[in-house]
Amino acid sequence: MTQSISAPPARSARTTIIAALGLIAAILYMLPVTDNVPWLSVLLKPIPVLCMALWLAVQPKKGRYQLLVIAGLILGAAGDVLLEMEGLFIVGLLSFLLGHVAYILAFLQDSRKLFAGKALIAYAYGAIMFAVLLTAGELGAMTIPVAAYVLAICTMLWRGLSRLGVPGIKPRSAQAGAIGSVLFTISDTVLAFTMFVAPVPLSSWIIMLTYWSGQLGVALSAKEQ
């Protein structure tokens, strides 16, 4: 009886500590001072997403969905580091692509219906965005890697949206996963446009805030399972 009463406060305190660590790292990363200290950027950038992975890992209930999301978060954190390092952009892109594959597999755990309308929305958006990058941007040797990445994130978006309203899936889990998928897609869209087409005002803020919020949405979808 004593253990069952004390466990929730202990879990709450642990969640607070993990959340505070992630939030502090995110704030420090966004401060201008990190622009002049490359090693500090590399150190801080993955911490918020790693905190999300840690938060899920210490939850008492972990099924295949949760484990796949944890894997996706870790791959995203690895991509955060790799993208900050010179000459490793392709490797970082691959790490994020594999993270999207992990999320796709997670979303497929409880919703495998086609939902053609949602597929059409996701892939039409990806096709338009890729066409813009191809015609107005300068992809060059990055054309095939970017095309593969666009395909992966559009599939992730499709499957994230495809959990909405499905019987047996908790509404909060479906909503969190869908919102996370949309925000992650927005983050990558702004990043790609900034890199290959033209600068976007406040792009660094938009990219990181939508990215972290997107990852948090996917993590919350696993918590609500």
# chains A, B, ... in the order shown; residues from 1 in each chain; ligands from 1
call {"tool": "closest_atom_pairs", "arguments": {"of": "region 101-139 of chain A", "to": "region 56-78 of chain A", "cutoff": "9 Å", "atoms": "only C-alpha atoms", "output": "tab-separated table"}}
result
residue	atom	partner	partner_atom	distance
A:Val101	CA	A:Gly72	CA	7.7
A:Ala102	CA	A:Gly72	CA	5.2
A:Tyr103	CA	A:Val69	CA	5.8
A:Ile104	CA	A:Leu68	CA	8.9
A:Leu105	CA	A:Leu68	CA	7.1
A:Ala106	CA	A:Tyr65	CA	4.7
A:Phe107	CA	A:Tyr65	CA	7.4
A:Leu108	CA	A:Tyr65	CA	8.7
A:Gln109	CA	A:Tyr65	CA	6.4
A:Asp110	CA	A:Tyr65	CA	8.5
call {"tool": "write_last_selection", "arguments": {"atoms": "all heavy atoms", "output": "PDB file, in the first residue's frame"}}
result
ATOM      1  N   VAL A 101      11.167   6.335 -40.105  1.00  0.00           N
ATOM      2  CA  VAL A 101      10.775   4.933 -40.310  1.00  0.00           C
ATOM      3  C   VAL A 101      10.312   4.324 -38.983  1.00  0.00           C
ATOM      4  O   VAL A 101       9.308   3.600 -38.932  1.00  0.00           O
ATOM      5  CB  VAL A 101      11.942   4.124 -40.905  1.00  0.00           C
ATOM      6  CG1 VAL A 101      11.609   2.622 -40.910  1.00  0.00           C
ATOM      7  CG2 VAL A 101      12.250   4.587 -42.327  1.00  0.00           C
ATOM      8  N   ALA A 102      11.023   4.631 -37.900  1.00  0.00           N
ATOM      9  CA  ALA A 102      10.620   4.131 -36.583  1.00  0.00           C
ATOM     10  C   ALA A 102       9.240   4.659 -36.201  1.00  0.00           C
ATOM     11  O   ALA A 102       8.397   3.914 -35.680  1.00  0.00           O
ATOM     12  CB  ALA A 102      11.661   4.537 -35.530  1.00  0.00           C
ATOM     13  N   TYR A 103       8.979   5.932 -36.482  1.00  0.00           N
ATOM     14  CA  TYR A 103       7.659   6.498 -36.179  1.00  0.00           C
ATOM     15  C   TYR A 103       6.571   5.875 -37.053  1.00  0.00           C
ATOM     16  O   TYR A 103       5.457   5.621 -36.589  1.00  0.00           O
ATOM     17  CB  TYR A 103       7.676   8.013 -36.374  1.00  0.00           C
ATOM     18  CG  TYR A 103       8.518   8.759 -35.363  1.00  0.00           C
ATOM     19  CD1 TYR A 103       9.035  10.015 -35.650  1.00  0.00           C
ATOM     20  CD2 TYR A 103       8.792   8.221 -34.112  1.00  0.00           C
ATOM     21  CE1 TYR A 103       9.804  10.714 -34.733  1.00  0.00           C
ATOM     22  CE2 TYR A 103       9.566   8.897 -33.189  1.00  0.00           C
ATOM     23  CZ  TYR A 103      10.069  10.151 -33.508  1.00  0.00           C
ATOM     24  OH  TYR A 103      10.831  10.829 -32.594  1.00  0.00           O
ATOM     25  N   ILE A 104       6.889   5.646 -38.324  1.00  0.00           N
ATOM     26  CA  ILE A 104       5.926   5.002 -39.220  1.00  0.00           C
ATOM     27  C   ILE A 104       5.543   3.629 -38.668  1.00  0.00           C
ATOM     28  O   ILE A 104       4.357   3.273 -38.596  1.00  0.00           O
ATOM     29  CB  ILE A 104       6.512   4.856 -40.640  1.00  0.00           C
ATOM     30  CG1 ILE A 104       6.672   6.230 -41.297  1.00  0.00           C
ATOM     31  CG2 ILE A 104       5.615   3.962 -41.514  1.00  0.00           C
ATOM     32  CD1 ILE A 104       7.563   6.232 -42.520  1.00  0.00           C
ATOM     33  N   LEU A 105       6.537   2.860 -38.269  1.00  0.00           N
ATOM     34  CA  LEU A 105       6.280   1.533 -37.715  1.00  0.00           C
ATOM     35  C   LEU A 105       5.477   1.620 -36.425  1.00  0.00           C
ATOM     36  O   LEU A 105       4.614   0.774 -36.157  1.00  0.00           O
ATOM     37  CB  LEU A 105       7.606   0.805 -37.475  1.00  0.00           C
ATOM     38  CG  LEU A 105       8.400   0.431 -38.735  1.00  0.00           C
ATOM     39  CD1 LEU A 105       9.758  -0.159 -38.353  1.00  0.00           C
ATOM     40  CD2 LEU A 105       7.623  -0.547 -39.606  1.00  0.00           C
ATOM     41  N   ALA A 106       5.748   2.654 -35.615  1.00  0.00           N
ATOM     42  CA  ALA A 106       4.980   2.841 -34.380  1.00  0.00           C
ATOM     43  C   ALA A 106       3.516   3.133 -34.711  1.00  0.00           C
ATOM     44  O   ALA A 106       2.602   2.510 -34.156  1.00  0.00           O
ATOM     45  CB  ALA A 106       5.578   3.983 -33.560  1.00  0.00           C
ATOM     46  N   PHE A 107       3.285   4.059 -35.633  1.00  0.00           N
ATOM     47  CA  PHE A 107       1.914   4.426 -35.992  1.00  0.00           C
ATOM     48  C   PHE A 107       1.152   3.245 -36.605  1.00  0.00           C
ATOM     49  O   PHE A 107      -0.074   3.164 -36.481  1.00  0.00           O
ATOM     50  CB  PHE A 107       1.924   5.594 -36.975  1.00  0.00           C
ATOM     51  CG  PHE A 107       2.442   6.894 -36.392  1.00  0.00           C
ATOM     52  CD1 PHE A 107       3.088   7.824 -37.201  1.00  0.00           C
ATOM     53  CD2 PHE A 107       2.273   7.188 -35.052  1.00  0.00           C
ATOM     54  CE1 PHE A 107       3.557   9.026 -36.681  1.00  0.00           C
ATOM     55  CE2 PHE A 107       2.745   8.383 -34.507  1.00  0.00           C
ATOM     56  CZ  PHE A 107       3.386   9.296 -35.323  1.00  0.00           C
ATOM     57  N   LEU A 108       1.880   2.353 -37.256  1.00  0.00           N
ATOM     58  CA  LEU A 108       1.241   1.188 -37.873  1.00  0.00           C
ATOM     59  C   LEU A 108       0.855   0.123 -36.848  1.00  0.00           C
ATOM     60  O   LEU A 108       0.129  -0.819 -37.193  1.00  0.00           O
ATOM     61  CB  LEU A 108       2.172   0.561 -38.919  1.00  0.00           C
ATOM     62  CG  LEU A 108       2.301   1.337 -40.241  1.00  0.00           C
ATOM     63  CD1 LEU A 108       3.430   0.747 -41.087  1.00  0.00           C
ATOM     64  CD2 LEU A 108       0.992   1.304 -41.019  1.00  0.00           C
ATOM     65  N   GLN A 109       1.306   0.265 -35.621  1.00  0.00           N
ATOM     66  CA  GLN A 109       0.989  -0.733 -34.606  1.00  0.00           C
ATOM     67  C   GLN A 109      -0.508  -0.795 -34.316  1.00  0.00           C
ATOM     68  O   GLN A 109      -1.042  -1.848 -34.000  1.00  0.00           O
ATOM     69  CB  GLN A 109       1.746  -0.426 -33.302  1.00  0.00           C
ATOM     70  CG  GLN A 109       3.253  -0.530 -33.401  1.00  0.00           C
ATOM     71  CD  GLN A 109       3.726  -1.894 -33.874  1.00  0.00           C
ATOM     72  OE1 GLN A 109       3.370  -2.925 -33.293  1.00  0.00           O
ATOM     73  NE2 GLN A 109       4.505  -1.898 -34.945  1.00  0.00           N
ATOM     74  N   ASP A 110      -1.194   0.349 -34.419  1.00  0.00           N
ATOM     75  CA  ASP A 110      -2.618   0.338 -34.071  1.00  0.00           C
ATOM     76  C   ASP A 110      -3.516   0.935 -35.154  1.00  0.00           C
ATOM     77  O   ASP A 110      -4.708   1.104 -34.931  1.00  0.00           O
ATOM     78  CB  ASP A 110      -2.852   1.077 -32.739  1.00  0.00           C
ATOM     79  CG  ASP A 110      -2.209   2.461 -32.709  1.00  0.00           C
ATOM     80  OD1 ASP A 110      -1.850   2.970 -33.785  1.00  0.00           O
ATOM     81  OD2 ASP A 110      -2.061   3.014 -31.602  1.00  0.00           O
TER      82      ASP A 110
END
call {"tool": "residues_around", "arguments": {"residues": "Gly217 (chain A)", "least_positions_apart": "2", "cutoff": "8 Å", "atoms": "only C-alpha atoms", "output": "VMD selection string"}}
result
chain A and resid 176 to 181 213 to 215 219 to 221
call {"tool": "residues_around", "arguments": {"residues": "region 34-50 of chain A", "least_positions_apart": "3", "cutoff": "10 Å", "atoms": "only C-alpha atoms", "output": "PDB file with N, CA, C and O atoms, in the first residue's frame"}}
result
ATOM      1  N   ILE A  18      13.268  15.833 -15.552  1.00  0.00           N
ATOM      2  CA  ILE A  18      13.605  15.572 -16.955  1.00  0.00           C
ATOM      3  C   ILE A  18      13.123  16.718 -17.835  1.00  0.00           C
ATOM      4  O   ILE A  18      13.842  17.187 -18.720  1.00  0.00           O
ATOM      5  N   ALA A  19      11.902  17.192 -17.585  1.00  0.00           N
ATOM      6  CA  ALA A  19      11.344  18.298 -18.371  1.00  0.00           C
ATOM      7  C   ALA A  19      12.167  19.573 -18.180  1.00  0.00           C
ATOM      8  O   ALA A  19      12.437  20.307 -19.144  1.00  0.00           O
ATOM      9  N   ALA A  20      12.577  19.841 -16.939  1.00  0.00           N
ATOM     10  CA  ALA A  20      13.371  21.040 -16.655  1.00  0.00           C
ATOM     11  C   ALA A  20      14.720  20.976 -17.365  1.00  0.00           C
ATOM     12  O   ALA A  20      15.181  21.977 -17.941  1.00  0.00           O
ATOM     13  N   LEU A  21      15.345  19.816 -17.357  1.00  0.00           N
ATOM     14  CA  LEU A  21      16.639  19.652 -18.028  1.00  0.00           C
ATOM     15  C   LEU A  21      16.503  19.909 -19.526  1.00  0.00           C
ATOM     16  O   LEU A  21      17.316  20.626 -20.132  1.00  0.00           O
ATOM     17  N   GLY A  22      15.454  19.326 -20.125  1.00  0.00           N
ATOM     18  CA  GLY A  22      15.229  19.525 -21.553  1.00  0.00           C
ATOM     19  C   GLY A  22      14.937  20.970 -21.896  1.00  0.00           C
ATOM     20  O   GLY A  22      15.445  21.507 -22.889  1.00  0.00           O
ATOM     21  N   LEU A  23      14.127  21.635 -21.066  1.00  0.00           N
ATOM     22  CA  LEU A  23      13.759  23.026 -21.323  1.00  0.00           C
ATOM     23  C   LEU A  23      14.961  23.956 -21.179  1.00  0.00           C
ATOM     24  O   LEU A  23      15.167  24.860 -22.016  1.00  0.00           O
ATOM     25  N   ILE A  24      15.764  23.741 -20.154  1.00  0.00           N
ATOM     26  CA  ILE A  24      16.964  24.569 -19.957  1.00  0.00           C
ATOM     27  C   ILE A  24      17.921  24.416 -21.129  1.00  0.00           C
ATOM     28  O   ILE A  24      18.467  25.399 -21.644  1.00  0.00           O
ATOM     29  N   ALA A  25      18.122  23.170 -21.587  1.00  0.00           N
ATOM     30  CA  ALA A  25      19.009  22.926 -22.730  1.00  0.00           C
ATOM     31  C   ALA A  25      18.476  23.614 -23.988  1.00  0.00           C
ATOM     32  O   ALA A  25      19.248  24.196 -24.753  1.00  0.00           O
ATOM     33  N   ALA A  26      17.156  23.563 -24.187  1.00  0.00           N
ATOM     34  CA  ALA A  26      16.554  24.196 -25.364  1.00  0.00           C
ATOM     35  C   ALA A  26      16.747  25.706 -25.326  1.00  0.00           C
ATOM     36  O   ALA A  26      17.105  26.329 -26.338  1.00  0.00           O
ATOM     37  N   ILE A  27      16.532  26.319 -24.167  1.00  0.00           N
ATOM     38  CA  ILE A  27      16.692  27.772 -24.028  1.00  0.00           C
ATOM     39  C   ILE A  27      18.136  28.180 -24.257  1.00  0.00           C
ATOM     40  O   ILE A  27      18.426  29.140 -24.994  1.00  0.00           O
ATOM     41  N   LEU A  28      19.064  27.448 -23.652  1.00  0.00           N
ATOM     42  CA  LEU A  28      20.486  27.773 -23.821  1.00  0.00           C
ATOM     43  C   LEU A  28      20.915  27.623 -25.274  1.00  0.00           C
ATOM     44  O   LEU A  28      21.697  28.425 -25.782  1.00  0.00           O
ATOM     45  N   TYR A  29      20.395  26.581 -25.945  1.00  0.00           N
ATOM     46  CA  TYR A  29      20.763  26.367 -27.347  1.00  0.00           C
ATOM     47  C   TYR A  29      20.309  27.531 -28.221  1.00  0.00           C
ATOM     48  O   TYR A  29      21.011  27.910 -29.167  1.00  0.00           O
ATOM     49  N   MET A  30      19.148  28.113 -27.903  1.00  0.00           N
ATOM     50  CA  MET A  30      18.606  29.180 -28.731  1.00  0.00           C
ATOM     51  C   MET A  30      19.240  30.538 -28.448  1.00  0.00           C
ATOM     52  O   MET A  30      19.021  31.492 -29.191  1.00  0.00           O
ATOM     53  N   LEU A  31      20.025  30.656 -27.391  1.00  0.00           N
ATOM     54  CA  LEU A  31      20.686  31.922 -27.097  1.00  0.00           C
ATOM     55  C   LEU A  31      21.759  32.220 -28.144  1.00  0.00           C
ATOM     56  O   LEU A  31      22.456  31.314 -28.602  1.00  0.00           O
ATOM     57  N   ALA A  53      13.086  10.982 -24.823  1.00  0.00           N
ATOM     58  CA  ALA A  53      13.328   9.535 -24.893  1.00  0.00           C
ATOM     59  C   ALA A  53      13.489   8.949 -23.492  1.00  0.00           C
ATOM     60  O   ALA A  53      12.945   7.875 -23.187  1.00  0.00           O
ATOM     61  N   LEU A  54      14.216   9.657 -22.638  1.00  0.00           N
ATOM     62  CA  LEU A  54      14.414   9.199 -21.261  1.00  0.00           C
ATOM     63  C   LEU A  54      13.090   9.169 -20.510  1.00  0.00           C
ATOM     64  O   LEU A  54      12.796   8.208 -19.781  1.00  0.00           O
ATOM     65  N   TRP A  55      12.279  10.200 -20.704  1.00  0.00           N
ATOM     66  CA  TRP A  55      10.970  10.260 -20.043  1.00  0.00           C
ATOM     67  C   TRP A  55      10.104   9.071 -20.425  1.00  0.00           C
ATOM     68  O   TRP A  55       9.455   8.459 -19.568  1.00  0.00           O
ATOM     69  N   LEU A  56      10.109   8.708 -21.703  1.00  0.00           N
ATOM     70  CA  LEU A  56       9.346   7.531 -22.125  1.00  0.00           C
ATOM     71  C   LEU A  56       9.961   6.251 -21.579  1.00  0.00           C
ATOM     72  O   LEU A  56       9.248   5.321 -21.202  1.00  0.00           O
ATOM     73  N   ILE A  70      10.754   5.611 -28.833  1.00  0.00           N
ATOM     74  CA  ILE A  70      12.030   5.868 -28.168  1.00  0.00           C
ATOM     75  C   ILE A  70      13.177   5.760 -29.169  1.00  0.00           C
ATOM     76  O   ILE A  70      14.087   6.606 -29.198  1.00  0.00           O
ATOM     77  N   GLY A  72      12.989   6.220 -32.388  1.00  0.00           N
ATOM     78  CA  GLY A  72      12.901   7.370 -33.275  1.00  0.00           C
ATOM     79  C   GLY A  72      13.470   8.633 -32.641  1.00  0.00           C
ATOM     80  O   GLY A  72      14.155   9.421 -33.299  1.00  0.00           O
ATOM     81  N   LEU A  73      13.195   8.827 -31.363  1.00  0.00           N
ATOM     82  CA  LEU A  73      13.720   9.990 -30.647  1.00  0.00           C
ATOM     83  C   LEU A  73      15.249   9.943 -30.562  1.00  0.00           C
ATOM     84  O   LEU A  73      15.928  10.960 -30.764  1.00  0.00           O
ATOM     85  N   ILE A  74      15.790   8.782 -30.279  1.00  0.00           N
ATOM     86  CA  ILE A  74      17.246   8.640 -30.192  1.00  0.00           C
ATOM     87  C   ILE A  74      17.893   8.888 -31.550  1.00  0.00           C
ATOM     88  O   ILE A  74      18.935   9.560 -31.654  1.00  0.00           O
ATOM     89  N   LEU A  75      17.279   8.378 -32.612  1.00  0.00           N
ATOM     90  CA  LEU A  75      17.798   8.628 -33.960  1.00  0.00           C
ATOM     91  C   LEU A  75      17.710  10.120 -34.310  1.00  0.00           C
ATOM     92  O   LEU A  75      18.605  10.669 -34.960  1.00  0.00           O
ATOM     93  N   GLY A  76      16.646  10.779 -33.858  1.00  0.00           N
ATOM     94  CA  GLY A  76      16.531  12.213 -34.073  1.00  0.00           C
ATOM     95  C   GLY A  76      17.620  12.980 -33.339  1.00  0.00           C
ATOM     96  O   GLY A  76      18.210  13.921 -33.879  1.00  0.00           O
ATOM     97  N   ALA A  77      17.894  12.575 -32.099  1.00  0.00           N
ATOM     98  CA  ALA A  77      18.960  13.227 -31.324  1.00  0.00           C
ATOM     99  C   ALA A  77      20.318  13.023 -31.991  1.00  0.00           C
ATOM    100  O   ALA A  77      21.149  13.941 -32.028  1.00  0.00           O
ATOM    101  N   ALA A  78      20.541  11.819 -32.517  1.00  0.00           N
ATOM    102  CA  ALA A  78      21.790  11.561 -33.238  1.00  0.00           C
ATOM    103  C   ALA A  78      21.883  12.448 -34.473  1.00  0.00           C
ATOM    104  O   ALA A  78      22.941  13.010 -34.783  1.00  0.00           O
ATOM    105  N   GLY A  79      20.751  12.599 -35.171  1.00  0.00           N
ATOM    106  CA  GLY A  79      20.723  13.488 -36.331  1.00  0.00           C
ATOM    107  C   GLY A  79      21.005  14.923 -35.949  1.00  0.00           C
ATOM    108  O   GLY A  79      21.695  15.652 -36.681  1.00  0.00           O
ATOM    109  N   ASP A  80      20.512  15.353 -34.785  1.00  0.00           N
ATOM    110  CA  ASP A  80      20.792  16.706 -34.302  1.00  0.00           C
ATOM    111  C   ASP A  80      22.296  16.955 -34.211  1.00  0.00           C
ATOM    112  O   ASP A  80      22.793  18.016 -34.594  1.00  0.00           O
ATOM    113  N   VAL A  81      23.002  15.986 -33.675  1.00  0.00           N
ATOM    114  CA  VAL A  81      24.458  16.124 -33.515  1.00  0.00           C
ATOM    115  C   VAL A  81      25.154  16.085 -34.872  1.00  0.00           C
ATOM    116  O   VAL A  81      26.017  16.916 -35.170  1.00  0.00           O
ATOM    117  N   LEU A  82      24.773  15.140 -35.697  1.00  0.00           N
ATOM    118  CA  LEU A  82      25.445  14.958 -36.990  1.00  0.00           C
ATOM    119  C   LEU A  82      25.261  16.171 -37.903  1.00  0.00           C
ATOM    120  O   LEU A  82      26.183  16.544 -38.635  1.00  0.00           O
ATOM    121  N   LEU A  83      24.090  16.800 -37.867  1.00  0.00           N
ATOM    122  CA  LEU A  83      23.852  17.965 -38.707  1.00  0.00           C
ATOM    123  C   LEU A  83      24.692  19.167 -38.274  1.00  0.00           C
ATOM    124  O   LEU A  83      24.925  20.079 -39.063  1.00  0.00           O
ATOM    125  N   GLU A  84      25.130  19.169 -37.028  1.00  0.00           N
ATOM    126  CA  GLU A  84      25.963  20.259 -36.523  1.00  0.00           C
ATOM    127  C   GLU A  84      27.432  20.076 -36.895  1.00  0.00           C
ATOM    128  O   GLU A  84      28.228  21.010 -36.758  1.00  0.00           O
ATOM    129  N   MET A  85      27.789  18.885 -37.373  1.00  0.00           N
ATOM    130  CA  MET A  85      29.188  18.568 -37.644  1.00  0.00           C
ATOM    131  C   MET A  85      29.473  18.679 -39.140  1.00  0.00           C
ATOM    132  O   MET A  85      28.703  18.207 -39.977  1.00  0.00           O
ATOM    133  N   MET A 208      13.407  25.096 -35.001  1.00  0.00           N
ATOM    134  CA  MET A 208      13.651  24.377 -33.747  1.00  0.00           C
ATOM    135  C   MET A 208      12.383  24.251 -32.901  1.00  0.00           C
ATOM    136  O   MET A 208      12.145  23.196 -32.302  1.00  0.00           O
ATOM    137  N   TYR A 211      10.173  21.728 -34.495  1.00  0.00           N
ATOM    138  CA  TYR A 211      10.831  20.418 -34.388  1.00  0.00           C
ATOM    139  C   TYR A 211      10.673  19.834 -32.992  1.00  0.00           C
ATOM    140  O   TYR A 211      10.231  18.684 -32.823  1.00  0.00           O
ATOM    141  N   TRP A 212      11.033  20.611 -31.979  1.00  0.00           N
ATOM    142  CA  TRP A 212      10.898  20.106 -30.612  1.00  0.00           C
ATOM    143  C   TRP A 212       9.441  19.829 -30.260  1.00  0.00           C
ATOM    144  O   TRP A 212       9.135  18.816 -29.621  1.00  0.00           O
ATOM    145  N   SER A 213       8.540  20.703 -30.685  1.00  0.00           N
ATOM    146  CA  SER A 213       7.110  20.483 -30.413  1.00  0.00           C
ATOM    147  C   SER A 213       6.610  19.233 -31.131  1.00  0.00           C
ATOM    148  O   SER A 213       5.799  18.474 -30.587  1.00  0.00           O
ATOM    149  N   GLN A 215       8.428  16.561 -32.005  1.00  0.00           N
ATOM    150  CA  GLN A 215       8.963  15.386 -31.311  1.00  0.00           C
ATOM    151  C   GLN A 215       8.189  15.148 -29.996  1.00  0.00           C
ATOM    152  O   GLN A 215       7.905  14.002 -29.639  1.00  0.00           O
ATOM    153  N   LEU A 216       7.862  16.227 -29.311  1.00  0.00           N
ATOM    154  CA  LEU A 216       7.106  16.090 -28.062  1.00  0.00           C
ATOM    155  C   LEU A 216       5.723  15.503 -28.334  1.00  0.00           C
ATOM    156  O   LEU A 216       5.235  14.664 -27.571  1.00  0.00           O
ATOM    157  N   ALA A 219       6.132  11.853 -28.792  1.00  0.00           N
ATOM    158  CA  ALA A 219       6.426  11.235 -27.495  1.00  0.00           C
ATOM    159  C   ALA A 219       5.171  11.142 -26.633  1.00  0.00           C
ATOM    160  O   ALA A 219       4.916  10.113 -25.992  1.00  0.00           O
TER     161      ALA A 219
END
call {"tool": "residues_around", "arguments": {"residues": "Thr143 (chain A)", "least_positions_apart": "3", "cutoff": "12 Å", "atoms": "only C-alpha atoms", "output": "tab-separated table (two decimals) with all heavy atoms, in the first residue's frame"}}
result
chain	number	residue	atom	x	y	z
A	90	ILE	N	24.74	14.32	-44.85
A	90	ILE	CA	24.05	13.15	-45.41
A	90	ILE	C	23.81	12.10	-44.33
A	90	ILE	O	22.73	11.49	-44.25
A	90	ILE	CB	24.86	12.53	-46.56
A	90	ILE	CG1	24.85	13.45	-47.78
A	90	ILE	CG2	24.30	11.17	-46.96
A	90	ILE	CD1	23.52	13.53	-48.49
A	130	PHE	N	8.68	19.25	-52.95
A	130	PHE	CA	9.86	18.77	-53.67
A	130	PHE	C	9.98	19.47	-55.02
A	130	PHE	O	11.10	19.80	-55.46
A	130	PHE	CB	9.80	17.25	-53.87
A	130	PHE	CG	11.03	16.69	-54.52
A	130	PHE	CD1	12.23	16.64	-53.84
A	130	PHE	CD2	10.99	16.23	-55.83
A	130	PHE	CE1	13.38	16.12	-54.44
A	130	PHE	CE2	12.12	15.72	-56.44
A	130	PHE	CZ	13.33	15.67	-55.75
A	131	ALA	N	8.85	19.72	-55.67
A	131	ALA	CA	8.87	20.43	-56.95
A	131	ALA	C	9.43	21.84	-56.77
A	131	ALA	O	10.19	22.34	-57.61
A	131	ALA	CB	7.46	20.50	-57.54
A	133	LEU	N	11.55	22.79	-54.39
A	133	LEU	CA	12.98	22.64	-54.13
A	133	LEU	C	13.74	22.34	-55.41
A	133	LEU	O	14.86	22.82	-55.62
A	133	LEU	CB	13.21	21.51	-53.11
A	133	LEU	CG	12.67	21.74	-51.70
A	133	LEU	CD1	12.90	20.49	-50.85
A	133	LEU	CD2	13.33	22.94	-51.04
A	134	LEU	N	13.12	21.56	-56.28
A	134	LEU	CA	13.79	21.13	-57.51
A	134	LEU	C	13.87	22.26	-58.53
A	134	LEU	O	14.88	22.39	-59.24
A	134	LEU	CB	13.04	19.93	-58.10
A	134	LEU	CG	13.75	19.10	-59.18
A	134	LEU	CD1	15.03	18.50	-58.64
A	134	LEU	CD2	12.83	18.01	-59.69
A	135	THR	N	12.84	23.06	-58.60
A	135	THR	CA	12.79	24.10	-59.64
A	135	THR	C	13.36	25.44	-59.17
A	135	THR	O	14.06	26.12	-59.92
A	135	THR	CB	11.35	24.31	-60.13
A	135	THR	OG1	10.51	24.63	-59.01
A	135	THR	CG2	10.83	23.05	-60.81
A	137	GLY	N	15.09	25.82	-56.17
A	137	GLY	CA	16.26	25.65	-55.32
A	137	GLY	C	17.48	25.13	-56.05
A	137	GLY	O	17.50	25.04	-57.27
A	138	GLU	N	18.48	24.77	-55.28
A	138	GLU	CA	19.73	24.25	-55.82
A	138	GLU	C	20.06	22.94	-55.12
A	138	GLU	O	20.96	22.87	-54.27
A	138	GLU	CB	20.85	25.27	-55.64
A	138	GLU	CG	20.58	26.60	-56.36
A	138	GLU	CD	21.70	27.61	-56.14
A	138	GLU	OE1	22.68	27.26	-55.46
A	138	GLU	OE2	21.58	28.73	-56.65
A	139	LEU	N	19.36	21.88	-55.49
A	139	LEU	CA	19.57	20.59	-54.84
A	139	LEU	C	20.86	19.92	-55.32
A	139	LEU	O	21.61	19.37	-54.52
A	139	LEU	CB	18.37	19.67	-55.11
A	139	LEU	CG	17.07	20.02	-54.39
A	139	LEU	CD1	15.97	19.05	-54.78
A	139	LEU	CD2	17.27	20.00	-52.89
A	140	GLY	N	21.10	19.94	-56.61
A	140	GLY	CA	22.32	19.33	-57.14
A	140	GLY	C	22.43	17.88	-56.76
A	140	GLY	O	21.52	17.07	-56.97
A	146	VAL	N	17.32	13.99	-50.81
A	146	VAL	CA	16.20	14.81	-50.38
A	146	VAL	C	14.88	14.18	-50.80
A	146	VAL	O	13.91	14.18	-50.04
A	146	VAL	CB	16.32	16.25	-50.92
A	146	VAL	CG1	15.03	17.03	-50.69
A	146	VAL	CG2	17.49	16.97	-50.26
A	147	ALA	N	14.84	13.61	-52.01
A	147	ALA	CA	13.62	12.94	-52.48
A	147	ALA	C	13.26	11.78	-51.55
A	147	ALA	O	12.09	11.58	-51.19
A	147	ALA	CB	13.81	12.45	-53.91
A	148	ALA	N	14.27	10.99	-51.15
A	148	ALA	CA	14.04	9.86	-50.24
A	148	ALA	C	13.53	10.35	-48.90
A	148	ALA	O	12.62	9.76	-48.29
A	148	ALA	CB	15.32	9.06	-50.08
A	149	TYR	N	14.10	11.46	-48.43
A	149	TYR	CA	13.68	12.00	-47.14
A	149	TYR	C	12.25	12.53	-47.20
A	149	TYR	O	11.46	12.32	-46.28
A	149	TYR	CB	14.64	13.10	-46.70
A	149	TYR	CG	14.38	13.57	-45.30
A	149	TYR	CD1	14.90	12.88	-44.21
A	149	TYR	CD2	13.58	14.69	-45.05
A	149	TYR	CE1	14.65	13.30	-42.91
A	149	TYR	CE2	13.32	15.11	-43.76
A	149	TYR	CZ	13.86	14.41	-42.69
A	149	TYR	OH	13.59	14.82	-41.41
A	150	VAL	N	11.93	13.22	-48.29
A	150	VAL	CA	10.56	13.74	-48.46
A	150	VAL	C	9.56	12.59	-48.46
A	150	VAL	O	8.49	12.67	-47.84
A	150	VAL	CB	10.44	14.57	-49.76
A	150	VAL	CG1	8.98	14.87	-50.08
A	150	VAL	CG2	11.23	15.87	-49.64
A	192	ALA	N	14.32	22.90	-45.22
A	192	ALA	CA	14.68	22.62	-46.61
A	192	ALA	C	14.61	23.89	-47.45
A	192	ALA	O	15.49	24.15	-48.29
A	192	ALA	CB	13.75	21.55	-47.18
A	196	PHE	N	17.92	25.34	-49.36
A	196	PHE	CA	18.04	25.14	-50.80
A	196	PHE	C	17.38	26.23	-51.67
A	196	PHE	O	17.65	26.28	-52.87
A	196	PHE	CB	17.46	23.79	-51.19
A	196	PHE	CG	18.14	22.63	-50.53
A	196	PHE	CD1	17.48	21.84	-49.60
A	196	PHE	CD2	19.46	22.33	-50.83
A	196	PHE	CE1	18.11	20.77	-48.99
A	196	PHE	CE2	20.10	21.26	-50.23
A	196	PHE	CZ	19.43	20.48	-49.30
call {"tool": "residues_around", "arguments": {"residues": "region 157-169 of chain A", "least_positions_apart": "3", "cutoff": "8 Å", "atoms": "only C-alpha atoms", "output": "list in words"}}
result
Ile104, Phe107, Leu108, Asp110, Ser111, Lys113, Leu114, Phe115, Lys118, Ala119, Ile121, Ala122, Tyr123, Ile153, Cys154, Ser173, Ala174, Gln175, Gly177, Ala178, Ser181, Val182, Thr185 and Gln225 of chain A
call {"tool": "select_by_dssp", "arguments": {"residues": "region 41-148 of chain A", "states": "alpha helix (DSSP H)", "output": "ChimeraX atom specification"}}
result
/A:41-44,47-57,64-84,89-107,116-136,143-148
call {"tool": "closest_residue", "arguments": {"among": "A:Leu151, A:Ala198, A:Met156, A:Leu94", "to": "Val132 (chain A)", "atoms": "only C-alpha atoms"}}
result
A:Ala198
call {"tool": "atom_distance", "arguments": {"atom1": "CA of Glu224 (chain A)", "atom2": "CA of Arg172 (chain A)"}}
result
6.6 Å
